[in-house]
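Scroll down for the structure; my scribbles are underneath it.
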Amino acid sequence: MTITMEGLTKTYNPDTDFPVTAVNDVTLKVEQGEFMAVMGPSGSGKTTLLNMLGGIDRPCEGKVIIDDIELTGLTDKELISFRRDNIGFIFQDFSLLPVLTAKENVEFVMQLQGRTRDACEERAKELLDMVGLSDRSNNAPGKLSGGQQQRVAVARALAPKPKFVLADEPTASLDAQSTYGLLEIMWQLNRKEGTTFIFSTHDPRVIESAKRVIVFEDGRVAEDRRQ
Amino acid sequence: MLLKLAWKNVWRNQLRSGIMVAAMVFGLLGLILMVGFVKAMTDNMLENAIKYQTAHLQIHNPDFLVNEELGAWLPRADDTARAIRVMTGVEGVTVRHVVDGMLASAASARGVRINGIIVADEAVVTSLGNSLVEGNMLSEKGRNPILVSRRSAGKLNLRIKSKVVLTFSDLEGKMSGAAFRVCGFFNTPSSGFDEGNVYVRRADLMGYTGLAQSHEIAVRLENGNLINTFKSSMEAIAGGSGIVQDWGEIQPVLAALKGTMTISNTIIIGVFVLALGFGIINIMLMSVFERTREFGMLMAVGMTGGRVLKLVILESLMLGGVGSLVGLAASSLMIAVTGRIGLPFGRMAEGLGAFGVDAVLYPEVSLSTYLGTLAMLLVTSVLAALYPARQILKKRLSDALTEKH
């Protein structure tokens, strides 16, 4: 799996007197198995970049190509299917469904794919076990700590067997202990399963653990380093 | 899972959903009681009019319908009545000799319709005997007995055995009259009817008017729904000399009332359902707006717009469905209780009497009204979800994901 970004540009309010260019002519390539952090100050365009990578937002110019598929050329309906089957999302605020249990939150995404109930249950069990929450699978998110909720979110992101996982500031709402716990899980998934992770963050702990760091400034790539 | 998610979302804010359901329940209680009351009042009015006044069908000389004169008598009335009486499905037939006149006592006088009746036949056709509240019914015994209403008795200061004088024009147009003795007081639900009618024996009245003919045949059927079938048969029997009218033609206002009752009830239910629909829209709007990020997340992980719409519709339908079912169940219980013990009107009964309505009404609501109301509420619940769902679906996904509430 290869993600290619070619001349990606995103401008908000383009037809007004105050257009804001959040991402400006970004060209990047992400290979299978990368553990990549996009860092930069608030408003530097990290989230916008991730949104375009995830097919949540469309660029004004440029292309996003994932393997042979040009994301920018897909219709809205095709984009939904593509996101559902190929991309895992982890959000800063966990974004779990509070009325469902941890297990149901993980199963729900697979049910959207049309998998059988048994298959969903089996995979959810396996994933919750993997993130160390098999004993909390029937708890509602409200009964879990922030770190545990984010681990459920990781399990949910991995449930559809995505090509890569996008995580927007995944540790922003976590304490140090939970952050290290979460990073450990993602590291293991990256090492053992070869799952590609792309983070936006300004958390130095996440940046330290990344194999590759992209420094973003004013919508442009200021630095691209491997560590 | 979508069903489970929708159901749990409905009860996520229990207070808000509870208030909506309570509003629906109390609203439906009021609505169904009103619909049941209107139906009971209309049915009662019609039933009383048929029972005490018109019977199901009447036959008159066409001229009598234009001007109720003594000379507009119905040819072969007794023969016609006999022929009708033997028809299967006819409960009773009575022949009346009718004349307009004055009822005078020592205290006062008032204009009345004097009904000369055959007592035994009248008892089968109208409920005159049941409306007797004091004294005795007309009988073949005694000289010139007369039955007056309690209301007239009060106004003319009459008591049982009081003497009254009836005056009217005879066949030649001369004033005629005779003294009668009050044998009983009747009291029907209609004050207007009571004040305008008195009953005497037909033979007595014929003697004083000098006309041995009758003016009116009243027919009561075993099944009031078969009026049209019997009407054509009776027209054939009466020939061209008599016009057969059903109760609706005799009392067109009541017929119109019956016709408009269904429409007015439907309009009332429709307005209520519409108002409730706005309530559901309001609740659903609040519910989806405070979950904008959640919907954003669902769409980001692959939920289609169609599924989002389905989820919002299911939530609205479940909320409306619970409110409707609980409300209609409570309403049917209330109607069952009030329909059994009745709704007494106390002081209002006097006023309702002017319309021929009983002092106690028994609300009744048909199954089709319940089902129709339920169907309207469910459809409205679905429609009420469309606008809130559209508000969510038209948001840009990236905006939805960053929405703060």
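FYI, nothing fancy with the structure tokens labels: chains A, B, ... in order, residues from 1 per chain, ligands from 1 as they appear.
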
When DSSP works through the backbone of this structure, what residues of segment 62-208 of chain A end up as helix (DSSP H, G or I), shown as a PDB file with N, CA and C atoms, in the first residue's frame?
```
ATOM      1  N   LEU A  71      -8.267   9.141  -4.980  1.00  0.00           N
ATOM      2  CA  LEU A  71      -9.360   9.468  -4.062  1.00  0.00           C
ATOM      3  C   LEU A  71     -10.179  10.653  -4.546  1.00  0.00           C
ATOM      4  N   THR A  72      -9.487  11.631  -5.087  1.00  0.00           N
ATOM      5  CA  THR A  72     -10.151  12.866  -5.527  1.00  0.00           C
ATOM      6  C   THR A  72     -11.069  12.628  -6.710  1.00  0.00           C
ATOM      7  N   GLY A  73     -10.917  11.487  -7.363  1.00  0.00           N
ATOM      8  CA  GLY A  73     -11.766  11.215  -8.524  1.00  0.00           C
ATOM      9  C   GLY A  73     -13.006  10.400  -8.171  1.00  0.00           C
ATOM     10  N   ASP A  76     -19.024  10.894  -4.096  1.00  0.00           N
ATOM     11  CA  ASP A  76     -19.263  10.885  -2.644  1.00  0.00           C
ATOM     12  C   ASP A  76     -19.595   9.475  -2.157  1.00  0.00           C
ATOM     13  N   LYS A  77     -20.422   8.778  -2.931  1.00  0.00           N
ATOM     14  CA  LYS A  77     -20.858   7.439  -2.536  1.00  0.00           C
ATOM     15  C   LYS A  77     -19.671   6.472  -2.541  1.00  0.00           C
ATOM     16  N   GLU A  78     -18.846   6.589  -3.584  1.00  0.00           N
ATOM     17  CA  GLU A  78     -17.670   5.714  -3.680  1.00  0.00           C
ATOM     18  C   GLU A  78     -16.680   6.019  -2.556  1.00  0.00           C
ATOM     19  N   LEU A  79     -16.620   7.306  -2.214  1.00  0.00           N
ATOM     20  CA  LEU A  79     -15.701   7.730  -1.157  1.00  0.00           C
ATOM     21  C   LEU A  79     -16.114   7.137   0.200  1.00  0.00           C
ATOM     22  N   ILE A  80     -17.433   7.096   0.435  1.00  0.00           N
ATOM     23  CA  ILE A  80     -17.926   6.509   1.697  1.00  0.00           C
ATOM     24  C   ILE A  80     -17.516   5.036   1.772  1.00  0.00           C
ATOM     25  N   SER A  81     -17.733   4.322   0.674  1.00  0.00           N
ATOM     26  CA  SER A  81     -17.360   2.897   0.656  1.00  0.00           C
ATOM     27  C   SER A  81     -15.859   2.738   0.840  1.00  0.00           C
ATOM     28  N   PHE A  82     -15.105   3.612   0.195  1.00  0.00           N
ATOM     29  CA  PHE A  82     -13.646   3.511   0.296  1.00  0.00           C
ATOM     30  C   PHE A  82     -13.189   3.741   1.735  1.00  0.00           C
ATOM     31  N   ARG A  83     -13.743   4.771   2.357  1.00  0.00           N
ATOM     32  CA  ARG A  83     -13.368   5.052   3.758  1.00  0.00           C
ATOM     33  C   ARG A  83     -13.707   3.871   4.645  1.00  0.00           C
ATOM     34  N   ARG A  84     -14.927   3.347   4.430  1.00  0.00           N
ATOM     35  CA  ARG A  84     -15.413   2.261   5.283  1.00  0.00           C
ATOM     36  C   ARG A  84     -14.498   1.038   5.205  1.00  0.00           C
ATOM     37  N   ASP A  85     -14.009   0.725   4.016  1.00  0.00           N
ATOM     38  CA  ASP A  85     -13.268  -0.530   3.831  1.00  0.00           C
ATOM     39  C   ASP A  85     -11.750  -0.374   3.935  1.00  0.00           C
ATOM     40  N   ASN A  86     -11.243   0.863   3.808  1.00  0.00           N
ATOM     41  CA  ASN A  86      -9.779   1.008   3.688  1.00  0.00           C
ATOM     42  C   ASN A  86      -9.106   1.887   4.730  1.00  0.00           C
ATOM     43  N   ALA A 102     -18.510  -1.254  24.575  1.00  0.00           N
ATOM     44  CA  ALA A 102     -17.237  -1.228  23.859  1.00  0.00           C
ATOM     45  C   ALA A 102     -17.275  -2.216  22.690  1.00  0.00           C
ATOM     46  N   LYS A 103     -17.786  -3.404  22.962  1.00  0.00           N
ATOM     47  CA  LYS A 103     -17.839  -4.449  21.925  1.00  0.00           C
ATOM     48  C   LYS A 103     -18.762  -4.013  20.778  1.00  0.00           C
ATOM     49  N   GLU A 104     -19.898  -3.448  21.122  1.00  0.00           N
ATOM     50  CA  GLU A 104     -20.841  -3.029  20.082  1.00  0.00           C
ATOM     51  C   GLU A 104     -20.271  -1.889  19.243  1.00  0.00           C
ATOM     52  N   ASN A 105     -19.493  -1.010  19.890  1.00  0.00           N
ATOM     53  CA  ASN A 105     -18.858   0.075  19.138  1.00  0.00           C
ATOM     54  C   ASN A 105     -17.921  -0.478  18.067  1.00  0.00           C
ATOM     55  N   VAL A 106     -17.209  -1.538  18.436  1.00  0.00           N
ATOM     56  CA  VAL A 106     -16.274  -2.139  17.475  1.00  0.00           C
ATOM     57  C   VAL A 106     -17.046  -2.897  16.390  1.00  0.00           C
ATOM     58  N   GLU A 107     -18.097  -3.590  16.815  1.00  0.00           N
ATOM     59  CA  GLU A 107     -18.888  -4.393  15.860  1.00  0.00           C
ATOM     60  C   GLU A 107     -19.616  -3.514  14.848  1.00  0.00           C
ATOM     61  N   PHE A 108     -20.061  -2.359  15.316  1.00  0.00           N
ATOM     62  CA  PHE A 108     -20.911  -1.505  14.494  1.00  0.00           C
ATOM     63  C   PHE A 108     -20.268  -1.168  13.149  1.00  0.00           C
ATOM     64  N   VAL A 109     -18.969  -0.838  13.201  1.00  0.00           N
ATOM     65  CA  VAL A 109     -18.273  -0.452  11.963  1.00  0.00           C
ATOM     66  C   VAL A 109     -18.232  -1.629  10.985  1.00  0.00           C
ATOM     67  N   MET A 110     -18.063  -2.835  11.530  1.00  0.00           N
ATOM     68  CA  MET A 110     -18.014  -4.011  10.653  1.00  0.00           C
ATOM     69  C   MET A 110     -19.396  -4.315  10.084  1.00  0.00           C
ATOM     70  N   GLN A 111     -20.416  -4.032  10.893  1.00  0.00           N
ATOM     71  CA  GLN A 111     -21.776  -4.265  10.387  1.00  0.00           C
ATOM     72  C   GLN A 111     -22.085  -3.344   9.214  1.00  0.00           C
ATOM     73  N   LEU A 112     -21.480  -2.141   9.238  1.00  0.00           N
ATOM     74  CA  LEU A 112     -21.658  -1.234   8.104  1.00  0.00           C
ATOM     75  C   LEU A 112     -21.070  -1.847   6.831  1.00  0.00           C
ATOM     76  N   ARG A 117     -23.039 -11.328  11.742  1.00  0.00           N
ATOM     77  CA  ARG A 117     -22.986 -11.034  13.173  1.00  0.00           C
ATOM     78  C   ARG A 117     -21.868 -11.832  13.865  1.00  0.00           C
ATOM     79  N   ASP A 118     -21.770 -13.107  13.492  1.00  0.00           N
ATOM     80  CA  ASP A 118     -20.742 -13.967  14.105  1.00  0.00           C
ATOM     81  C   ASP A 118     -19.340 -13.443  13.792  1.00  0.00           C
ATOM     82  N   ALA A 119     -19.145 -13.068  12.531  1.00  0.00           N
ATOM     83  CA  ALA A 119     -17.828 -12.564  12.117  1.00  0.00           C
ATOM     84  C   ALA A 119     -17.493 -11.288  12.883  1.00  0.00           C
ATOM     85  N   CYS A 120     -18.500 -10.410  13.046  1.00  0.00           N
ATOM     86  CA  CYS A 120     -18.286  -9.154  13.768  1.00  0.00           C
ATOM     87  C   CYS A 120     -17.919  -9.427  15.224  1.00  0.00           C
ATOM     88  N   GLU A 121     -18.675 -10.349  15.820  1.00  0.00           N
ATOM     89  CA  GLU A 121     -18.435 -10.666  17.240  1.00  0.00           C
ATOM     90  C   GLU A 121     -17.029 -11.222  17.449  1.00  0.00           C
ATOM     91  N   GLU A 122     -16.647 -12.137  16.558  1.00  0.00           N
ATOM     92  CA  GLU A 122     -15.351 -12.781  16.677  1.00  0.00           C
ATOM     93  C   GLU A 122     -14.217 -11.767  16.551  1.00  0.00           C
ATOM     94  N   ARG A 123     -14.328 -10.904  15.548  1.00  0.00           N
ATOM     95  CA  ARG A 123     -13.267  -9.913  15.305  1.00  0.00           C
ATOM     96  C   ARG A 123     -13.230  -8.875  16.443  1.00  0.00           C
ATOM     97  N   ALA A 124     -14.409  -8.462  16.919  1.00  0.00           N
ATOM     98  CA  ALA A 124     -14.451  -7.481  18.006  1.00  0.00           C
ATOM     99  C   ALA A 124     -13.778  -8.054  19.252  1.00  0.00           C
ATOM    100  N   LYS A 125     -14.048  -9.334  19.515  1.00  0.00           N
ATOM    101  CA  LYS A 125     -13.462  -9.994  20.676  1.00  0.00           C
ATOM    102  C   LYS A 125     -11.930 -10.017  20.545  1.00  0.00           C
ATOM    103  N   GLU A 126     -11.502 -10.387  19.363  1.00  0.00           N
ATOM    104  CA  GLU A 126     -10.075 -10.489  19.080  1.00  0.00           C
ATOM    105  C   GLU A 126      -9.393  -9.119  19.257  1.00  0.00           C
ATOM    106  N   LEU A 127     -10.029  -8.070  18.730  1.00  0.00           N
ATOM    107  CA  LEU A 127      -9.424  -6.738  18.794  1.00  0.00           C
ATOM    108  C   LEU A 127      -9.413  -6.180  20.220  1.00  0.00           C
ATOM    109  N   LEU A 128     -10.512  -6.395  20.937  1.00  0.00           N
ATOM    110  CA  LEU A 128     -10.560  -5.892  22.317  1.00  0.00           C
ATOM    111  C   LEU A 128      -9.542  -6.639  23.179  1.00  0.00           C
ATOM    112  N   ASP A 129      -9.348  -7.880  22.853  1.00  0.00           N
ATOM    113  CA  ASP A 129      -8.330  -8.670  23.545  1.00  0.00           C
ATOM    114  C   ASP A 129      -6.949  -8.074  23.248  1.00  0.00           C
ATOM    115  N   MET A 130      -6.766  -7.721  21.981  1.00  0.00           N
ATOM    116  CA  MET A 130      -5.491  -7.166  21.539  1.00  0.00           C
ATOM    117  C   MET A 130      -5.169  -5.844  22.249  1.00  0.00           C
ATOM    118  N   SER A 134     -10.535  -7.016  26.976  1.00  0.00           N
ATOM    119  CA  SER A 134     -11.513  -8.101  26.834  1.00  0.00           C
ATOM    120  C   SER A 134     -12.437  -8.184  28.052  1.00  0.00           C
ATOM    121  N   ASP A 135     -11.926  -7.783  29.216  1.00  0.00           N
ATOM    122  CA  ASP A 135     -12.768  -7.844  30.423  1.00  0.00           C
ATOM    123  C   ASP A 135     -13.710  -6.640  30.535  1.00  0.00           C
ATOM    124  N   ARG A 136     -13.568  -5.668  29.653  1.00  0.00           N
ATOM    125  CA  ARG A 136     -14.433  -4.484  29.698  1.00  0.00           C
ATOM    126  C   ARG A 136     -15.315  -4.384  28.445  1.00  0.00           C
ATOM    127  N   PRO A 141     -18.974   3.222  27.057  1.00  0.00           N
ATOM    128  CA  PRO A 141     -17.811   4.127  27.104  1.00  0.00           C
ATOM    129  C   PRO A 141     -17.773   4.981  28.366  1.00  0.00           C
ATOM    130  N   GLY A 142     -18.919   5.360  28.863  1.00  0.00           N
ATOM    131  CA  GLY A 142     -18.978   6.189  30.063  1.00  0.00           C
ATOM    132  C   GLY A 142     -18.394   5.502  31.285  1.00  0.00           C
ATOM    133  N   LYS A 143     -18.329   4.178  31.229  1.00  0.00           N
ATOM    134  CA  LYS A 143     -17.798   3.416  32.369  1.00  0.00           C
ATOM    135  C   LYS A 143     -16.306   3.109  32.197  1.00  0.00           C
ATOM    136  N   GLY A 146     -10.437   7.481  30.066  1.00  0.00           N
ATOM    137  CA  GLY A 146     -10.099   8.074  28.776  1.00  0.00           C
ATOM    138  C   GLY A 146      -9.178   7.166  27.967  1.00  0.00           C
ATOM    139  N   GLY A 147      -8.172   6.605  28.645  1.00  0.00           N
ATOM    140  CA  GLY A 147      -7.224   5.726  27.949  1.00  0.00           C
ATOM    141  C   GLY A 147      -7.917   4.486  27.415  1.00  0.00           C
ATOM    142  N   GLN A 148      -8.826   3.945  28.227  1.00  0.00           N
ATOM    143  CA  GLN A 148      -9.541   2.739  27.787  1.00  0.00           C
ATOM    144  C   GLN A 148     -10.454   3.057  26.600  1.00  0.00           C
ATOM    145  N   GLN A 149     -11.071   4.227  26.668  1.00  0.00           N
ATOM    146  CA  GLN A 149     -11.951   4.620  25.554  1.00  0.00           C
ATOM    147  C   GLN A 149     -11.148   4.754  24.262  1.00  0.00           C
ATOM    148  N   GLN A 150      -9.950   5.337  24.389  1.00  0.00           N
ATOM    149  CA  GLN A 150      -9.161   5.519  23.168  1.00  0.00           C
ATOM    150  C   GLN A 150      -8.670   4.165  22.647  1.00  0.00           C
ATOM    151  N   ARG A 151      -8.474   3.208  23.558  1.00  0.00           N
ATOM    152  CA  ARG A 151      -8.074   1.872  23.106  1.00  0.00           C
ATOM    153  C   ARG A 151      -9.237   1.198  22.363  1.00  0.00           C
ATOM    154  N   VAL A 152     -10.463   1.461  22.854  1.00  0.00           N
ATOM    155  CA  VAL A 152     -11.641   0.951  22.121  1.00  0.00           C
ATOM    156  C   VAL A 152     -11.674   1.595  20.729  1.00  0.00           C
ATOM    157  N   ALA A 153     -11.357   2.895  20.698  1.00  0.00           N
ATOM    158  CA  ALA A 153     -11.359   3.605  19.415  1.00  0.00           C
ATOM    159  C   ALA A 153     -10.318   3.005  18.465  1.00  0.00           C
ATOM    160  N   VAL A 154      -9.173   2.573  19.021  1.00  0.00           N
ATOM    161  CA  VAL A 154      -8.148   1.922  18.192  1.00  0.00           C
ATOM    162  C   VAL A 154      -8.704   0.609  17.644  1.00  0.00           C
ATOM    163  N   ALA A 155      -9.340  -0.152  18.533  1.00  0.00           N
ATOM    164  CA  ALA A 155      -9.928  -1.425  18.101  1.00  0.00           C
ATOM    165  C   ALA A 155     -10.971  -1.185  17.008  1.00  0.00           C
ATOM    166  N   ARG A 156     -11.761  -0.139  17.192  1.00  0.00           N
ATOM    167  CA  ARG A 156     -12.779   0.185  16.181  1.00  0.00           C
ATOM    168  C   ARG A 156     -12.125   0.559  14.849  1.00  0.00           C
ATOM    169  N   ALA A 157     -11.045   1.339  14.935  1.00  0.00           N
ATOM    170  CA  ALA A 157     -10.364   1.769  13.715  1.00  0.00           C
ATOM    171  C   ALA A 157      -9.801   0.575  12.948  1.00  0.00           C
ATOM    172  N   LEU A 158      -9.370  -0.451  13.701  1.00  0.00           N
ATOM    173  CA  LEU A 158      -8.757  -1.610  13.050  1.00  0.00           C
ATOM    174  C   LEU A 158      -9.790  -2.648  12.596  1.00  0.00           C
ATOM    175  N   ALA A 176      -0.400  10.917  30.911  1.00  0.00           N
ATOM    176  CA  ALA A 176       0.863  10.342  30.458  1.00  0.00           C
ATOM    177  C   ALA A 176       0.808   8.819  30.402  1.00  0.00           C
ATOM    178  N   GLN A 177       0.278   8.227  31.473  1.00  0.00           N
ATOM    179  CA  GLN A 177       0.239   6.766  31.539  1.00  0.00           C
ATOM    180  C   GLN A 177      -0.604   6.178  30.402  1.00  0.00           C
ATOM    181  N   SER A 178      -1.772   6.790  30.185  1.00  0.00           N
ATOM    182  CA  SER A 178      -2.653   6.307  29.120  1.00  0.00           C
ATOM    183  C   SER A 178      -2.003   6.518  27.764  1.00  0.00           C
ATOM    184  N   THR A 179      -1.298   7.647  27.605  1.00  0.00           N
ATOM    185  CA  THR A 179      -0.634   7.934  26.334  1.00  0.00           C
ATOM    186  C   THR A 179       0.388   6.851  26.012  1.00  0.00           C
ATOM    187  N   TYR A 180       1.233   6.500  27.024  1.00  0.00           N
ATOM    188  CA  TYR A 180       2.248   5.475  26.771  1.00  0.00           C
ATOM    189  C   TYR A 180       1.601   4.121  26.480  1.00  0.00           C
ATOM    190  N   GLY A 181       0.518   3.832  27.209  1.00  0.00           N
ATOM    191  CA  GLY A 181      -0.196   2.564  26.987  1.00  0.00           C
ATOM    192  C   GLY A 181      -0.720   2.487  25.566  1.00  0.00           C
ATOM    193  N   LEU A 182      -1.301   3.591  25.124  1.00  0.00           N
ATOM    194  CA  LEU A 182      -1.884   3.631  23.778  1.00  0.00           C
ATOM    195  C   LEU A 182      -0.797   3.516  22.706  1.00  0.00           C
ATOM    196  N   LEU A 183       0.299   4.274  22.929  1.00  0.00           N
ATOM    197  CA  LEU A 183       1.399   4.238  21.959  1.00  0.00           C
ATOM    198  C   LEU A 183       1.987   2.840  21.850  1.00  0.00           C
ATOM    199  N   GLU A 184       2.062   2.171  22.984  1.00  0.00           N
ATOM    200  CA  GLU A 184       2.600   0.807  22.999  1.00  0.00           C
ATOM    201  C   GLU A 184       1.737  -0.114  22.132  1.00  0.00           C
ATOM    202  N   ILE A 185       0.438   0.030  22.306  1.00  0.00           N
ATOM    203  CA  ILE A 185      -0.486  -0.816  21.514  1.00  0.00           C
ATOM    204  C   ILE A 185      -0.310  -0.535  20.020  1.00  0.00           C
ATOM    205  N   MET A 186      -0.267   0.754  19.674  1.00  0.00           N
ATOM    206  CA  MET A 186      -0.169   1.098  18.255  1.00  0.00           C
ATOM    207  C   MET A 186       1.186   0.660  17.680  1.00  0.00           C
ATOM    208  N   TRP A 187       2.236   0.795  18.505  1.00  0.00           N
ATOM    209  CA  TRP A 187       3.565   0.351  18.092  1.00  0.00           C
ATOM    210  C   TRP A 187       3.549  -1.146  17.758  1.00  0.00           C
ATOM    211  N   GLN A 188       2.952  -1.906  18.671  1.00  0.00           N
ATOM    212  CA  GLN A 188       2.911  -3.360  18.464  1.00  0.00           C
ATOM    213  C   GLN A 188       2.148  -3.727  17.201  1.00  0.00           C
ATOM    214  N   LEU A 189       1.027  -3.031  17.013  1.00  0.00           N
ATOM    215  CA  LEU A 189       0.228  -3.289  15.807  1.00  0.00           C
ATOM    216  C   LEU A 189       1.035  -2.965  14.554  1.00  0.00           C
ATOM    217  N   ASN A 190       1.798  -1.872  14.655  1.00  0.00           N
ATOM    218  CA  ASN A 190       2.611  -1.440  13.523  1.00  0.00           C
ATOM    219  C   ASN A 190       3.713  -2.472  13.238  1.00  0.00           C
ATOM    220  N   ARG A 191       4.356  -2.921  14.340  1.00  0.00           N
ATOM    221  CA  ARG A 191       5.486  -3.845  14.173  1.00  0.00           C
ATOM    222  C   ARG A 191       5.028  -5.245  13.751  1.00  0.00           C
ATOM    223  N   LYS A 192       3.977  -5.748  14.492  1.00  0.00           N
ATOM    224  CA  LYS A 192       3.572  -7.135  14.242  1.00  0.00           C
ATOM    225  C   LYS A 192       2.706  -7.281  12.999  1.00  0.00           C
ATOM    226  N   GLU A 193       1.757  -6.340  12.849  1.00  0.00           N
ATOM    227  CA  GLU A 193       0.784  -6.498  11.754  1.00  0.00           C
ATOM    228  C   GLU A 193       1.157  -5.659  10.527  1.00  0.00           C
ATOM    229  N   PRO A 204       4.873  15.615  22.323  1.00  0.00           N
ATOM    230  CA  PRO A 204       6.262  15.178  22.121  1.00  0.00           C
ATOM    231  C   PRO A 204       6.445  13.681  22.307  1.00  0.00           C
ATOM    232  N   ARG A 205       5.599  13.040  23.148  1.00  0.00           N
ATOM    233  CA  ARG A 205       5.725  11.601  23.379  1.00  0.00           C
ATOM    234  C   ARG A 205       5.382  10.824  22.107  1.00  0.00           C
ATOM    235  N   VAL A 206       4.379  11.325  21.387  1.00  0.00           N
ATOM    236  CA  VAL A 206       3.998  10.670  20.137  1.00  0.00           C
ATOM    237  C   VAL A 206       5.097  10.908  19.089  1.00  0.00           C
ATOM    238  N   ILE A 207       5.597  12.151  19.074  1.00  0.00           N
ATOM    239  CA  ILE A 207       6.632  12.498  18.085  1.00  0.00           C
ATOM    240  C   ILE A 207       7.881  11.645  18.308  1.00  0.00           C
ATOM    241  N   GLU A 208       8.231  11.453  19.599  1.00  0.00           N
ATOM    242  CA  GLU A 208       9.403  10.626  19.933  1.00  0.00           C
ATOM    243  C   GLU A 208       9.259   9.195  19.407  1.00  0.00           C
TER     244      GLU A 208
END
```

Note to self: Neighbouring residues of Val379 of chain B were defined as those with any atom within 10 Å, considering only C-alpha atoms; residues of the same chain fewer than 6 positions away were excluded. Please report them as number ranges by chain.
What the structure shows: B: 273, 277, 317, 320-321, 373

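Take the candidates B:Phe64, B:Phe295, B:Phe345, B:Phe230 and check each one against chain A using only C-alpha atoms; the shortest distance goes to B:Phe295.
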
Note to self: Which residues are near Ala255 of chain B? Cut-off 12 Å, only C-alpha atoms, ignore same chain within fewer than 5 positions. Put them as a ChimeraX atom specification.
What the structure shows: /B:42-43,45-47,49-50,246-250,260-261

Margin query: For a quick test of understanding: name the residues of chain B lying within 8 Å of chain A when counting only C-alpha atoms, and present them as a PyMOL selection string.
Written below: chain B and resi 1+5+8-9+12+293-294+297+299-304+397-398

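For Leu53 of chain A, the list of residues within 10 Å, based on only C-alpha atoms and with local chain neighbours fewer than 6 positions off taken out, reads Ile3, Thr4, Met5, Leu8, Thr47, Pro59, Lys63, Val64, Ile65, Ile66, Leu71, Thr72, Ile87, Leu166 and Ile198 of chain A.
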
Margin query: Applying 9 Å and only C-alpha atoms, which residues near Ile217 of chain B remain after dropping the ones on its own chain fewer than 5 positions away? List them as an MDAnalysis selection string.
Written below: chainID B and resid 57:60 74 77:78 80:81 93:96

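When only C-alpha atoms are used to measure the gap to Gly296 of chain B, the shortest distance among B:Asp358, B:Asp399, B:Glu216, B:Asp79 belongs to B:Asp399.
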
Item checked: Residues near Arg110 of chain B, cut-off 10 Å, only C-alpha atoms, skip fewer than 3 positions along chain, as a list in words -> Gly101, Met102, Leu103, Ala104, Ser105, Ser152, Lys155, Leu156, Leu166, Glu195 and Gly196 of chain B

Next item on the list: Show which residues sit within 10 Å of His202 of chain A, as a ChimeraX atom specification. Count only C-alpha atoms, and ignore same-chain residues fewer than 6 positions away.
Entry: /A:37-42,46,169,171-172,215

Item checked: Expected answer as number ranges by chain: strand (DSSP E) residues in segment 76-178 of chain B -> B: 90-104, 109-117, 132-135, 145-149, 163-169, 175-178

Item checked: Interatomic distance (Å, one decimal) between atom CA of Thr369 of chain B and atom CA of Ser332 of chain B -> 10.8 Å

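Shortest atom-to-atom contact with Gln14 of chain B among B:Pro62, B:Thr188, B:Leu319, B:Leu211: B:Leu319, counting only C-alpha atoms.
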